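Participant: This is model23.txt, which holds compact mmCIF, C-alpha atoms and all ligand atoms:
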```txt
# COMPACT_ATOMS: atom_id res chain seq x y z
CA MET A 284 2.56 14.59 -20.24
CA LYS A 285 0.37 12.49 -17.90
CA VAL A 286 1.20 12.62 -14.19
CA ALA A 287 1.25 9.90 -11.50
CA VAL A 288 1.62 10.86 -7.83
CA ILE A 289 3.06 7.99 -5.77
CA THR A 290 3.40 8.05 -1.98
CA GLY A 291 5.99 5.85 -0.30
CA ALA A 292 8.04 6.16 -3.49
CA ALA A 293 11.51 5.99 -1.94
CA ASN A 294 11.45 2.22 -1.62
CA GLY A 295 9.78 -1.10 -2.47
CA ILE A 296 6.53 -1.15 -4.42
CA GLY A 297 6.30 2.68 -4.58
CA LEU A 298 9.76 2.97 -6.13
CA ALA A 299 8.93 0.19 -8.60
CA LEU A 300 5.65 1.93 -9.50
CA SER A 301 7.57 5.16 -10.11
CA GLN A 302 9.95 3.38 -12.49
CA ALA A 303 7.10 1.59 -14.27
CA HIS A 304 5.34 4.92 -14.95
CA LEU A 305 8.53 6.64 -16.12
CA GLN A 306 9.17 3.77 -18.54
CA ARG A 307 5.73 4.48 -20.05
CA ASP A 308 6.62 8.17 -20.49
CA ILE A 309 4.48 9.27 -17.55
CA MET A 310 5.76 11.92 -15.16
CA ALA A 311 6.33 10.52 -11.64
CA VAL A 312 5.79 12.68 -8.59
CA MET A 313 7.68 10.69 -5.97
CA VAL A 314 6.54 11.41 -2.41
CA ASP A 315 8.07 10.01 0.77
CA LYS A 316 8.86 11.07 4.31
CA ASP A 317 12.38 9.62 4.08
CA SER A 318 13.84 12.58 2.19
CA ALA A 319 17.43 11.22 2.07
CA LYS A 320 16.39 7.94 0.42
CA LEU A 321 13.84 9.73 -1.76
CA ASN A 322 16.41 12.20 -3.12
CA LYS A 323 18.97 9.44 -3.70
CA GLU A 324 16.50 7.29 -5.68
CA ALA A 325 15.11 10.27 -7.60
CA GLU A 326 18.62 11.45 -8.55
CA GLN A 327 19.47 8.00 -9.89
CA LEU A 328 16.29 7.84 -11.96
CA LYS A 329 16.77 11.38 -13.30
CA SER A 330 19.77 10.31 -15.39
CA ASN A 331 17.50 7.96 -17.40
CA PHE A 332 14.36 10.07 -17.25
CA PRO A 333 15.42 13.74 -17.23
CA GLY A 334 12.61 16.27 -16.67
CA LYS A 335 10.08 13.57 -15.75
CA ILE A 336 10.55 13.35 -11.99
CA LEU A 337 9.44 15.56 -9.14
CA ALA A 338 10.58 14.35 -5.70
CA ILE A 339 8.72 15.86 -2.75
CA SER A 340 9.39 15.07 0.87
CA CYS A 341 6.12 14.71 2.79
CA ASP A 342 4.86 12.78 5.79
CA VAL A 343 1.34 11.65 4.90
CA THR A 344 0.31 11.65 8.57
CA ASN A 345 0.81 15.43 8.64
CA LYS A 346 -2.33 17.07 7.22
CA ASP A 347 -0.62 20.45 6.63
CA GLU A 348 2.27 18.87 4.72
CA VAL A 349 -0.21 16.90 2.57
CA SER A 350 -2.21 20.02 1.87
CA LYS A 351 0.98 21.86 0.76
CA LEU A 352 1.91 18.86 -1.37
CA ALA A 353 -1.41 19.05 -3.24
CA GLN A 354 -1.06 22.83 -3.74
CA GLN A 355 2.51 22.45 -5.06
CA ILE A 356 1.56 19.76 -7.58
CA GLU A 357 -1.50 21.68 -8.76
CA LYS A 358 0.59 24.87 -9.22
CA GLN A 359 3.67 23.26 -10.74
CA LEU A 360 2.12 20.57 -12.99
CA GLY A 361 -1.54 21.53 -13.35
CA ARG A 362 -2.71 17.96 -13.93
CA ILE A 363 -2.93 14.63 -12.11
CA ASP A 364 -3.93 11.35 -13.73
CA TRP A 365 -3.17 8.76 -11.05
CA ILE A 366 -2.63 8.93 -7.29
CA TYR A 367 -1.09 5.84 -5.70
CA ASN A 368 -1.81 5.84 -1.97
CA ASN A 369 1.03 3.43 -1.33
CA ALA A 370 2.91 4.69 1.78
CA GLY A 371 2.57 2.17 4.57
CA ILE A 372 4.20 0.58 7.60
CA ILE A 373 3.76 -2.85 9.18
CA GLY A 374 4.10 -1.81 12.82
CA GLN A 375 4.63 -3.98 15.83
CA LEU A 376 4.37 -7.75 15.38
CA ALA A 377 3.15 -9.09 18.71
CA PRO A 378 0.20 -10.87 20.32
CA VAL A 379 -2.74 -8.51 20.92
CA TRP A 380 -2.21 -8.47 24.71
CA ASP A 381 1.40 -7.29 24.30
CA LEU A 382 0.71 -4.46 21.84
CA ASN A 383 1.91 -0.96 22.57
CA SER A 384 -1.16 1.14 21.79
CA GLU A 385 0.96 4.10 20.58
CA TYR A 386 2.64 1.90 17.97
CA ALA A 387 -0.78 0.56 16.95
CA GLN A 388 -2.11 4.10 16.52
CA GLN A 389 0.91 4.99 14.40
CA VAL A 390 0.04 2.16 11.98
CA MET A 391 -3.51 3.51 11.68
CA ASN A 392 -2.13 7.05 11.25
CA VAL A 393 0.10 6.14 8.32
CA ASN A 394 -1.92 3.40 6.60
CA VAL A 395 -5.42 4.83 7.05
CA TYR A 396 -5.38 8.50 8.04
CA GLY A 397 -2.43 9.23 5.74
CA MET A 398 -4.54 7.86 2.90
CA LEU A 399 -7.54 9.90 4.00
CA HIS A 400 -5.41 13.09 4.12
CA ILE A 401 -4.24 12.50 0.55
CA ILE A 402 -7.78 11.83 -0.73
CA GLN A 403 -9.17 14.91 1.01
CA ALA A 404 -6.34 17.22 -0.10
CA PHE A 405 -6.39 16.15 -3.76
CA THR A 406 -10.06 15.54 -4.60
CA PRO A 407 -11.00 19.26 -4.92
CA PHE A 408 -8.43 19.54 -7.71
CA LEU A 409 -9.35 16.16 -9.27
CA PHE A 410 -13.02 17.21 -9.39
CA LYS A 411 -12.10 20.42 -11.28
CA GLN A 412 -10.08 18.66 -13.97
CA SER A 413 -11.66 18.08 -17.38
CA SER A 414 -10.14 14.57 -17.69
CA ARG A 415 -10.86 11.58 -15.43
CA SER A 416 -8.31 10.60 -12.82
CA HIS A 417 -7.79 7.47 -10.75
CA ILE A 418 -6.96 6.89 -7.06
CA ILE A 419 -5.28 3.57 -6.23
CA ASN A 420 -5.20 2.51 -2.57
CA MET A 421 -2.69 -0.04 -1.37
CA ALA A 422 -4.27 -2.60 0.96
CA SER A 423 -2.78 -6.07 1.46
CA LEU A 424 -3.75 -9.70 1.72
CA TYR A 425 -4.23 -8.71 5.38
CA ALA A 426 -7.32 -6.71 4.32
CA LEU A 427 -9.01 -9.99 3.42
CA CYS A 428 -7.71 -12.37 6.03
CA THR A 429 -5.89 -12.13 9.35
CA GLY A 430 -3.17 -13.97 11.22
CA SER A 431 -1.47 -14.06 14.57
CA GLN A 432 0.82 -11.19 15.68
CA THR A 433 -0.35 -8.84 12.93
CA ALA A 434 -3.40 -7.17 14.52
CA PRO A 435 -2.51 -3.47 13.96
CA TYR A 436 -1.51 -4.06 10.34
CA SER A 437 -4.62 -6.21 9.64
CA MET A 438 -6.87 -3.66 11.33
CA SER A 439 -5.40 -0.87 9.20
CA LYS A 440 -5.66 -2.79 5.92
CA HIS A 441 -9.28 -3.85 6.64
CA ALA A 442 -9.94 -0.12 7.12
CA VAL A 443 -8.25 0.65 3.78
CA LEU A 444 -10.68 -1.74 2.06
CA ALA A 445 -13.68 -0.09 3.77
CA LEU A 446 -12.37 3.38 2.91
CA SER A 447 -11.86 2.40 -0.74
CA GLU A 448 -15.32 0.87 -1.13
CA SER A 449 -16.96 3.86 0.57
CA LEU A 450 -15.01 6.20 -1.69
CA TYR A 451 -16.21 4.22 -4.71
CA PHE A 452 -19.86 4.57 -3.62
CA ASP A 453 -19.46 8.30 -2.92
CA LEU A 454 -17.79 9.00 -6.28
CA THR A 455 -20.38 6.95 -8.14
CA ARG A 456 -23.47 8.36 -6.45
CA LEU A 457 -22.22 11.93 -6.75
CA ASN A 458 -21.04 11.35 -10.33
CA LYS A 459 -17.44 12.56 -9.83
CA PRO A 460 -14.81 12.10 -12.59
CA VAL A 461 -12.53 9.88 -10.49
CA ASP A 462 -12.02 6.09 -10.57
CA VAL A 463 -10.79 4.12 -7.60
CA SER A 464 -9.02 0.79 -7.06
CA VAL A 465 -7.80 -1.17 -4.07
CA VAL A 466 -4.82 -3.51 -4.27
CA PHE A 467 -4.21 -6.71 -2.25
CA PRO A 468 -0.56 -7.73 -2.70
CA SER A 469 0.72 -10.86 -1.03
CA PHE A 470 4.31 -11.00 0.26
CA THR A 471 6.66 -8.87 -1.81
CA ASP A 472 10.41 -8.43 -1.42
CA THR A 473 10.64 -4.85 -0.05
CA GLY A 474 11.88 -2.97 3.01
CA LEU A 475 8.49 -3.20 4.77
CA LEU A 476 9.95 -4.99 7.80
CA SER A 477 13.11 -2.94 8.15
CA ASN A 478 11.59 -0.11 10.23
CA ASN A 479 9.21 -1.92 12.52
CA PRO A 480 9.63 -1.60 16.28
CA GLU A 481 11.03 -4.55 18.22
CA GLY A 482 12.13 -6.23 15.03
CA ASN A 483 14.05 -9.11 16.55
CA SER A 484 11.40 -11.66 17.53
CA SER A 485 11.34 -15.11 15.94
CA PHE A 486 8.05 -14.08 14.30
CA HIS A 487 9.75 -11.04 12.75
CA GLU A 488 12.63 -13.15 11.48
CA ALA A 489 10.29 -15.77 9.99
CA LEU A 490 8.30 -13.05 8.22
CA GLN A 491 11.51 -11.41 6.99
CA SER A 492 12.67 -14.69 5.49
CA LEU A 493 9.26 -15.08 3.80
CA LEU A 494 9.45 -11.55 2.36
CA SER A 495 13.02 -11.89 1.10
CA HIS A 496 12.05 -15.03 -0.85
CA SER A 497 8.95 -13.38 -2.32
CA ARG A 498 8.08 -11.74 -5.59
CA PRO A 499 10.17 -8.70 -6.58
CA ALA A 500 8.44 -5.34 -6.27
CA VAL A 501 8.86 -4.62 -10.01
CA ASP A 502 6.62 -7.62 -10.85
CA SER A 503 3.89 -6.39 -8.52
CA ALA A 504 4.15 -2.87 -9.94
CA GLU A 505 3.76 -4.13 -13.53
CA HIS A 506 0.71 -6.20 -12.56
CA ILE A 507 -0.87 -3.30 -10.68
CA MET A 508 -0.37 -0.90 -13.61
CA HIS A 509 -1.91 -3.39 -16.02
CA GLU A 510 -5.01 -3.80 -13.85
CA VAL A 511 -5.27 -0.05 -13.29
CA GLU A 512 -5.27 0.44 -17.07
CA GLN A 513 -8.23 -2.03 -17.19
CA LYS A 514 -9.92 0.09 -14.47
CA LYS A 515 -10.35 -2.93 -12.17
CA PHE A 516 -11.61 -1.96 -8.72
CA TYR A 517 -10.25 -5.00 -6.82
CA ILE A 518 -6.66 -5.76 -7.83
CA PHE A 519 -4.96 -9.06 -6.92
CA PRO A 520 -1.27 -9.07 -7.90
CA ASP A 521 -1.00 -12.57 -6.35
CA LYS A 522 -3.60 -15.27 -7.07
CA GLU A 523 -3.34 -17.08 -3.72
CA VAL A 524 -4.93 -14.09 -1.97
CA LYS A 525 -8.31 -14.96 -3.58
CA GLY A 526 -8.03 -18.39 -1.90
CA TYR A 527 -7.43 -16.85 1.56
CA CYS A 528 -10.45 -14.63 0.99
CA GLU A 529 -12.72 -17.53 -0.07
CA GLU A 530 -11.72 -19.66 2.93
CA ARG A 531 -12.34 -16.77 5.29
CA ILE A 532 -15.79 -15.98 3.86
CA LYS A 533 -16.72 -19.68 3.92
CA ALA A 534 -15.86 -19.96 7.64
CA LEU A 535 -17.73 -16.74 8.33
CA LEU A 536 -20.92 -17.83 6.55
CA LEU A 537 -20.78 -21.26 8.22
CA GLN A 538 -20.23 -19.51 11.56
CA ASP A 539 -17.13 -21.68 11.99
CA ASN A 540 -13.97 -20.64 13.84
CA PRO A 541 -11.59 -18.47 11.74
CA HIS A 542 -9.94 -20.58 9.06
CA ILE A 543 -6.25 -21.33 9.72
CA ASN A 544 -4.87 -20.27 6.37
CA ASN A 545 -1.63 -21.34 4.72
CA ILE A 546 0.24 -18.25 5.95
CA GLU A 547 -0.53 -19.19 9.55
CA LYS A 548 0.65 -22.75 8.87
CA LEU A 549 3.80 -21.56 7.11
CA MET A 550 4.64 -19.03 9.83
CA SER A 551 4.22 -21.67 12.55
CA ALA A 552 6.54 -24.04 10.65
CA LEU A 553 9.15 -21.31 10.08
CA ILE A 554 9.09 -20.20 13.72
CA LYS A 555 9.45 -23.82 14.93
CA ARG A 556 12.40 -24.30 12.59
CA GLN A 557 14.08 -21.10 13.86
CA GLU A 558 13.49 -21.99 17.50
CA ALA A 559 14.94 -25.46 16.92
CA ARG A 560 18.01 -23.89 15.29
CA ALA A 561 18.47 -21.54 18.25
CA LEU A 562 18.60 -24.45 20.77
N1 LIG A 601 5.91 -5.91 0.96
C1 LIG A 601 4.83 -6.63 1.11
O1 LIG A 601 4.89 -7.87 1.29
C2 LIG A 601 3.46 -5.97 1.05
C3 LIG A 601 2.33 -6.82 0.96
C4 LIG A 601 1.07 -6.23 0.93
C5 LIG A 601 0.93 -4.85 0.95
N2 LIG A 601 2.03 -4.06 1.03
C6 LIG A 601 1.81 -2.61 1.09
O2 LIG A 601 2.52 -1.98 0.04
C7 LIG A 601 2.81 -0.62 0.41
C8 LIG A 601 4.27 -0.33 0.14
O3 LIG A 601 5.07 -1.08 1.05
P1 LIG A 601 6.48 -1.73 0.67
O4 LIG A 601 6.34 -3.18 0.93
O5 LIG A 601 6.95 -1.25 -0.62
O6 LIG A 601 7.32 -1.16 1.92
P2 LIG A 601 8.66 -0.26 1.99
O7 LIG A 601 8.93 -0.11 3.44
O8 LIG A 601 9.70 -0.86 1.12
O9 LIG A 601 8.19 1.14 1.36
C9 LIG A 601 7.27 1.97 2.04
C10 LIG A 601 7.67 3.43 1.85
O10 LIG A 601 6.68 4.24 2.52
C11 LIG A 601 7.37 5.31 3.16
N3 LIG A 601 6.58 5.83 4.28
C12 LIG A 601 6.35 5.25 5.47
N4 LIG A 601 5.64 6.06 6.25
C13 LIG A 601 5.41 7.19 5.55
C14 LIG A 601 4.75 8.41 5.82
N5 LIG A 601 4.19 8.64 7.02
N6 LIG A 601 4.69 9.35 4.86
C15 LIG A 601 5.27 9.15 3.65
N7 LIG A 601 5.94 8.03 3.34
C16 LIG A 601 6.01 7.06 4.28
C17 LIG A 601 8.68 4.69 3.64
O11 LIG A 601 9.66 5.69 3.90
C18 LIG A 601 9.03 3.77 2.48
O12 LIG A 601 9.85 4.43 1.53
C19 LIG A 601 2.42 -0.49 1.89
O13 LIG A 601 1.16 0.14 1.98
C20 LIG A 601 2.33 -1.94 2.35
O14 LIG A 601 1.45 -2.08 3.44
C21 LIG A 601 3.30 -4.59 1.08
```
If you took the structure in this file and wrote it as C-alpha cells, what would it be?
Facilitator:
Amino acid sequence: MKVAVITGAANGIGLALSQAHLQRDIMAVMVDKDSAKLNKEAEQLKSNFPGKILAISCDVTNKDEVSKLAQQIEKQLGRIDWIYNNAGIIGQLAPVWDLNSEYAQQVMNVNVYGMLHIIQAFTPFLFKQSSRSHIINMASLYALCTGSQTAPYSMSKHAVLALSESLYFDLTRLNKPVDVSVVFPSFTDTGLLSNNPEGNSSFHEALQSLLSHSRPAVDSAEHIMHEVEQKKFYIFPDKEVKGYCEERIKALLLQDNPHINNIEKLMSALIKRQEARAL
C-alpha cells in the first residue's frame, strides 16, 4: 500500500488531506504536535479505514522528534510516496512596529524550519527508495502577495516558496528521485486563527469572519491531490491567487508602490464595519 505522511494532520487542510488519501486506499501517517486532537481524529477515522492509519505525535520545530519520526516510519512501513509539509501557524496579527519578535520567530520556526527539518530527516530515505516520491510544501497566497498586519506569516510563506524552488533545483541538478510542489491556498475554513496570540483585535475578528465564510478544507484537499497527481510544481487551489500575483509583479516591474489588492480592500471594509458596530 502507498504511504502519505501529512504534518499538521489533526485539523483543517491536513486532516482533509488525510481523509482524501484514505479514501483512495492510501495509508495516512498523520503527524501533529497536538496529540489529544490527533488521537481523537485518528480514532474516528480508524473505524472507516482500519489498518490504514498511523498517528504520530511530533512537533516539527524539534529536530530530534522529527528525526525519530523519520526513523519510525522507515522501520514500520518501509516506504513513503508523498510527504505533505502542511503544519503551520499564522502567528501574531499586528503592525510591524508592534510585533513581538519571539512570536515572529515562532512562526518562522514552525512554517519554515519545521519544513526544513522534515525535508532533511526524510530525504536520505527517499533517495534510497527504488520508486519516486513527492514532497508537497504548503505555502499560501501570502507567499505571492502581502498585506497589512500579517508580516511574520507573509515572511514565512515567502521563505517556503524560496525553499521549495531551491529544493526543486537541487533535486533536478543532482538527479534525485523526488518531485516537489508548492501550494498557494487562499482563505480556507480551518482552525488556523484559533491559536494565534492576542486573537481579539478587530483585524483578527475580520480575518476570522473571512475564513469562516471560505472554502471548506475538503475542497482544497481534493484540488491539491489532483494537481499533485499531475505533478504540477506550482499549485493554486484558488484562482484569485494568480490575480494577486500578477498585480504584485506588475507593480514591481513598473517600480510602482505595492499594489493594494482585494484582500487589503476587503479587510479594511470589514474592520470599518466592525468598528462601526462596536460604537
Ligand atoms: N486556512 C487558510 O486559510 C490557509 C490559507 C493558506 C495556507 N494555509 C496553510 O495551510 C496549512 C494548514 O493550515 P490550516 O489552515 O489547516 O490550519 P489548522 O490550524 O486548522 O491546522 C494546522 C495544524 O498544524 C498543527 N501544528 C501547528 N504547529 C505544529 C508543529 N510545530 N508541529 C506539528 N504540528 C503543528 C496544528 O496542531 C494543527 O492541527 C498551514 O501551513 C497554513 O499556513 C492555510
Participant: Using all atoms listed in the file, which residues of chain A come within 8 Å of ligand LIG 601 (chain A), and what is the closest atom pair for each, with the distance in Å to one decimal? Give it as a tab-separated table, sorted by chain and residue number.
Facilitator:
```
residue	atom	partner	partner_atom	distance
A:Thr290	CA	A:LIG601	N7	5.9
A:Gly291	CA	A:LIG601	O10	3.3
A:Ala292	CA	A:LIG601	O12	5.6
A:Ala293	CA	A:LIG601	O12	4.2
A:Asn294	CA	A:LIG601	O12	4.2
A:Gly295	CA	A:LIG601	O5	3.4
A:Ile296	CA	A:LIG601	O5	3.8
A:Gly297	CA	A:LIG601	O5	5.6
A:Leu298	CA	A:LIG601	O5	7.5
A:Val314	CA	A:LIG601	C15	6.6
A:Asp315	CA	A:LIG601	N7	3.9
A:Lys316	CA	A:LIG601	C15	4.1
A:Asp317	CA	A:LIG601	O11	4.8
A:Lys320	CA	A:LIG601	O12	7.5
A:Leu321	CA	A:LIG601	O12	7.4
A:Ser340	CA	A:LIG601	C15	7.7
A:Cys341	CA	A:LIG601	C15	5.7
A:Asp342	CA	A:LIG601	N6	3.6
A:Val343	CA	A:LIG601	N6	4.1
A:Thr344	CA	A:LIG601	N5	5.1
A:Asn345	CA	A:LIG601	N5	7.8
A:Asn368	CA	A:LIG601	O13	7.5
A:Asn369	CA	A:LIG601	O13	4.7
A:Ala370	CA	A:LIG601	O10	3.9
A:Gly371	CA	A:LIG601	O13	3.6
A:Ile372	CA	A:LIG601	C12	5.6
A:Ile373	CA	A:LIG601	O14	6.2
A:Asn392	CA	A:LIG601	N5	7.8
A:Val393	CA	A:LIG601	N5	5.0
A:Asn394	CA	A:LIG601	O13	6.4
A:Gly397	CA	A:LIG601	N5	6.8
A:Met421	CA	A:LIG601	O13	5.1
A:Ala422	CA	A:LIG601	C5	5.7
A:Ser423	CA	A:LIG601	C4	3.9
A:Leu424	CA	A:LIG601	C4	6.0
A:Tyr425	CA	A:LIG601	C4	7.4
A:Tyr436	CA	A:LIG601	O14	7.8
A:Lys440	CA	A:LIG601	O14	7.6
A:Val466	CA	A:LIG601	C5	7.9
A:Phe467	CA	A:LIG601	C4	6.2
A:Pro468	CA	A:LIG601	C4	4.3
A:Ser469	CA	A:LIG601	C3	4.8
A:Phe470	CA	A:LIG601	O1	3.3
A:Thr471	CA	A:LIG601	O1	3.7
A:Asp472	CA	A:LIG601	N1	5.7
A:Thr473	CA	A:LIG601	O8	4.3
A:Gly474	CA	A:LIG601	O8	3.6
A:Leu475	CA	A:LIG601	O7	3.4
A:Leu476	CA	A:LIG601	O7	6.6
A:Ser477	CA	A:LIG601	O7	6.9
A:Asn478	CA	A:LIG601	O7	7.3
A:Leu494	CA	A:LIG601	O1	6.0
A:Ser497	CA	A:LIG601	O1	7.7
A:Ala500	CA	A:LIG601	O5	7.1
```
Participant: Measure the distance from CA of Glu547 in chain A to CA of Leu490 in chain A in Å and round it to one decimal.
Facilitator: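 For CA of Glu547 in chain A relative to CA of Leu490 in chain A, the distance reads 10.8 Å.
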Participant: Work out how far CA of Ser492 in chain A is from CA of Gln557 in chain A, in Å to one decimal.
Facilitator: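 CA of Gln557 in chain A sits 10.6 Å away from CA of Ser492 in chain A.
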Participant: Please determine, counting only C-alpha atoms, which residue among A:Ile518, A:Met508, A:Leu376, A:Val463 has the shortest atom-to-atom distance to Ala434 in chain A.
Facilitator: A:Leu376
Participant: Interatomic distance between CA of Lys411 in chain A and CA of Arg362 in chain A?
Facilitator: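 Separating CA of Lys411 in chain A from CA of Arg362 in chain A is a distance of 10.1 Å.
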Participant: I need the residue nearest Arg556 in chain A from this list: A:Gln491, A:Ser485, A:Arg498, A:Ser350. Use only C-alpha atoms for the distance.
Facilitator: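 Of A:Gln491, A:Ser485, A:Arg498, A:Ser350, the one nearest Arg556 in chain A, counting only C-alpha atoms, is A:Ser485.
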Participant: Report as CSV: every residue of range 390-482 of chain A with an atom at most 12 Å from range 531-536 of chain A, its closest pair of atoms, and their distance in Å to one decimal, counting all atoms listed in the file, with rows sorted by chain and ascending residue number.
Facilitator:
```
residue,atom,partner,partner_atom,distance
A:Leu424,CA,A:Arg531,CA,11.7
A:Tyr425,CA,A:Arg531,CA,11.4
A:Ala426,CA,A:Arg531,CA,11.3
A:Leu427,CA,A:Arg531,CA,7.8
A:Cys428,CA,A:Arg531,CA,6.4
A:Thr429,CA,A:Arg531,CA,8.9
A:Gly430,CA,A:Arg531,CA,11.3
```
Participant: Need the shell around Asp502 in chain A: protein/DNA/RNA residues with any atom at most 10 Å away, counting only C-alpha atoms. Skip same-chain ones fewer than 5 positions apart. Format as a list in words?
Facilitator: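 In the requested form, the answer reads Ile296, Ala299, Leu300, Ala303, Thr471, Ile507 and Pro520 of chain A.
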Participant: Mind listing whatever residues come within 12 Å of the point (1.6, -6.3, 20.3)? Use only C-alpha atoms, file coordinates, and give them as a CSV table (one decimal) with C-alpha atoms, in the coordinates of the input.
Facilitator:
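Result file follows (part-v5.csv):
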```csv
chain,number,residue,atom,x,y,z
A,373,ILE,CA,3.8,-2.8,9.2
A,374,GLY,CA,4.1,-1.8,12.8
A,375,GLN,CA,4.6,-4.0,15.8
A,376,LEU,CA,4.4,-7.8,15.4
A,377,ALA,CA,3.2,-9.1,18.7
A,378,PRO,CA,0.2,-10.9,20.3
A,379,VAL,CA,-2.7,-8.5,20.9
A,380,TRP,CA,-2.2,-8.5,24.7
A,381,ASP,CA,1.4,-7.3,24.3
A,382,LEU,CA,0.7,-4.5,21.8
A,383,ASN,CA,1.9,-1.0,22.6
A,384,SER,CA,-1.2,1.1,21.8
A,385,GLU,CA,1.0,4.1,20.6
A,386,TYR,CA,2.6,1.9,18.0
A,387,ALA,CA,-0.8,0.6,17.0
A,388,GLN,CA,-2.1,4.1,16.5
A,390,VAL,CA,0.0,2.2,12.0
A,431,SER,CA,-1.5,-14.1,14.6
A,432,GLN,CA,0.8,-11.2,15.7
A,433,THR,CA,-0.4,-8.8,12.9
A,434,ALA,CA,-3.4,-7.2,14.5
A,435,PRO,CA,-2.5,-3.5,14.0
A,436,TYR,CA,-1.5,-4.1,10.3
A,479,ASN,CA,9.2,-1.9,12.5
A,480,PRO,CA,9.6,-1.6,16.3
A,481,GLU,CA,11.0,-4.6,18.2
A,482,GLY,CA,12.1,-6.2,15.0
A,484,SER,CA,11.4,-11.7,17.5
A,486,PHE,CA,8.0,-14.1,14.3
```
Participant: Counting only C-alpha atoms, find residues at most 12 Å from (-9.0, 18.2, -1.9) (file frame) and give them as an MDAnalysis selection string.
Facilitator: chainID A and resid 346 349:354 357 399:411
Participant: The centre and edge lengths of an axis-aligned box containing all atoms of range 306-317 of chain A present in the file, extended by 4 Å on each side, are to be given in Å to one decimal, as AutoDock Vina command-line options.
Facilitator:
```
--center_x 8.4 --center_y 8.2 --center_z -8.1 --size_x 15.9 --size_y 16.9 --size_z 32.8
```
Participant: Nearest to Leu360 in chain A: which of A:His441, A:Asp347, A:Lys285, A:Ala561 is it, counting all atoms listed in the file?
Facilitator: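 With all atoms listed in the file as the atom set, the closest residue is A:Lys285.
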Participant: Could range 445-450 of chain A be completed with all heavy atoms and returned as a compact mmCIF listing (two decimals), keeping the file's coordinate frame?
Facilitator:
```
# COMPACT_ATOMS: atom_id res chain seq x y z
N ALA A 445 -12.41 -0.79 3.49
CA ALA A 445 -13.68 -0.09 3.77
C ALA A 445 -13.64 1.34 3.22
O ALA A 445 -14.61 1.81 2.59
CB ALA A 445 -13.95 -0.08 5.27
N LEU A 446 -12.51 2.00 3.41
CA LEU A 446 -12.37 3.38 2.91
C LEU A 446 -12.48 3.40 1.38
O LEU A 446 -13.15 4.27 0.81
CB LEU A 446 -11.00 3.92 3.36
CG LEU A 446 -10.56 5.29 2.84
CD1 LEU A 446 -11.52 6.38 3.28
CD2 LEU A 446 -9.15 5.63 3.36
N SER A 447 -11.86 2.43 0.73
CA SER A 447 -11.86 2.40 -0.74
C SER A 447 -13.26 2.12 -1.28
O SER A 447 -13.69 2.75 -2.26
CB SER A 447 -10.90 1.32 -1.24
OG SER A 447 -9.62 1.51 -0.68
N GLU A 448 -13.97 1.17 -0.65
CA GLU A 448 -15.32 0.87 -1.13
C GLU A 448 -16.25 2.05 -0.87
O GLU A 448 -17.07 2.41 -1.74
CB GLU A 448 -15.86 -0.40 -0.44
CG GLU A 448 -15.16 -1.67 -0.95
CD GLU A 448 -15.66 -2.97 -0.33
OE1 GLU A 448 -16.29 -2.92 0.75
OE2 GLU A 448 -15.40 -4.04 -0.90
N SER A 449 -16.12 2.68 0.29
CA SER A 449 -16.96 3.86 0.57
C SER A 449 -16.67 4.98 -0.42
O SER A 449 -17.59 5.64 -0.91
CB SER A 449 -16.69 4.38 1.99
OG SER A 449 -17.04 3.42 2.92
N LEU A 450 -15.38 5.17 -0.72
CA LEU A 450 -15.01 6.20 -1.69
C LEU A 450 -15.64 5.90 -3.06
O LEU A 450 -16.16 6.80 -3.73
CB LEU A 450 -13.47 6.25 -1.80
CG LEU A 450 -12.88 7.23 -2.81
CD1 LEU A 450 -13.24 8.67 -2.47
CD2 LEU A 450 -11.34 7.09 -2.87
```
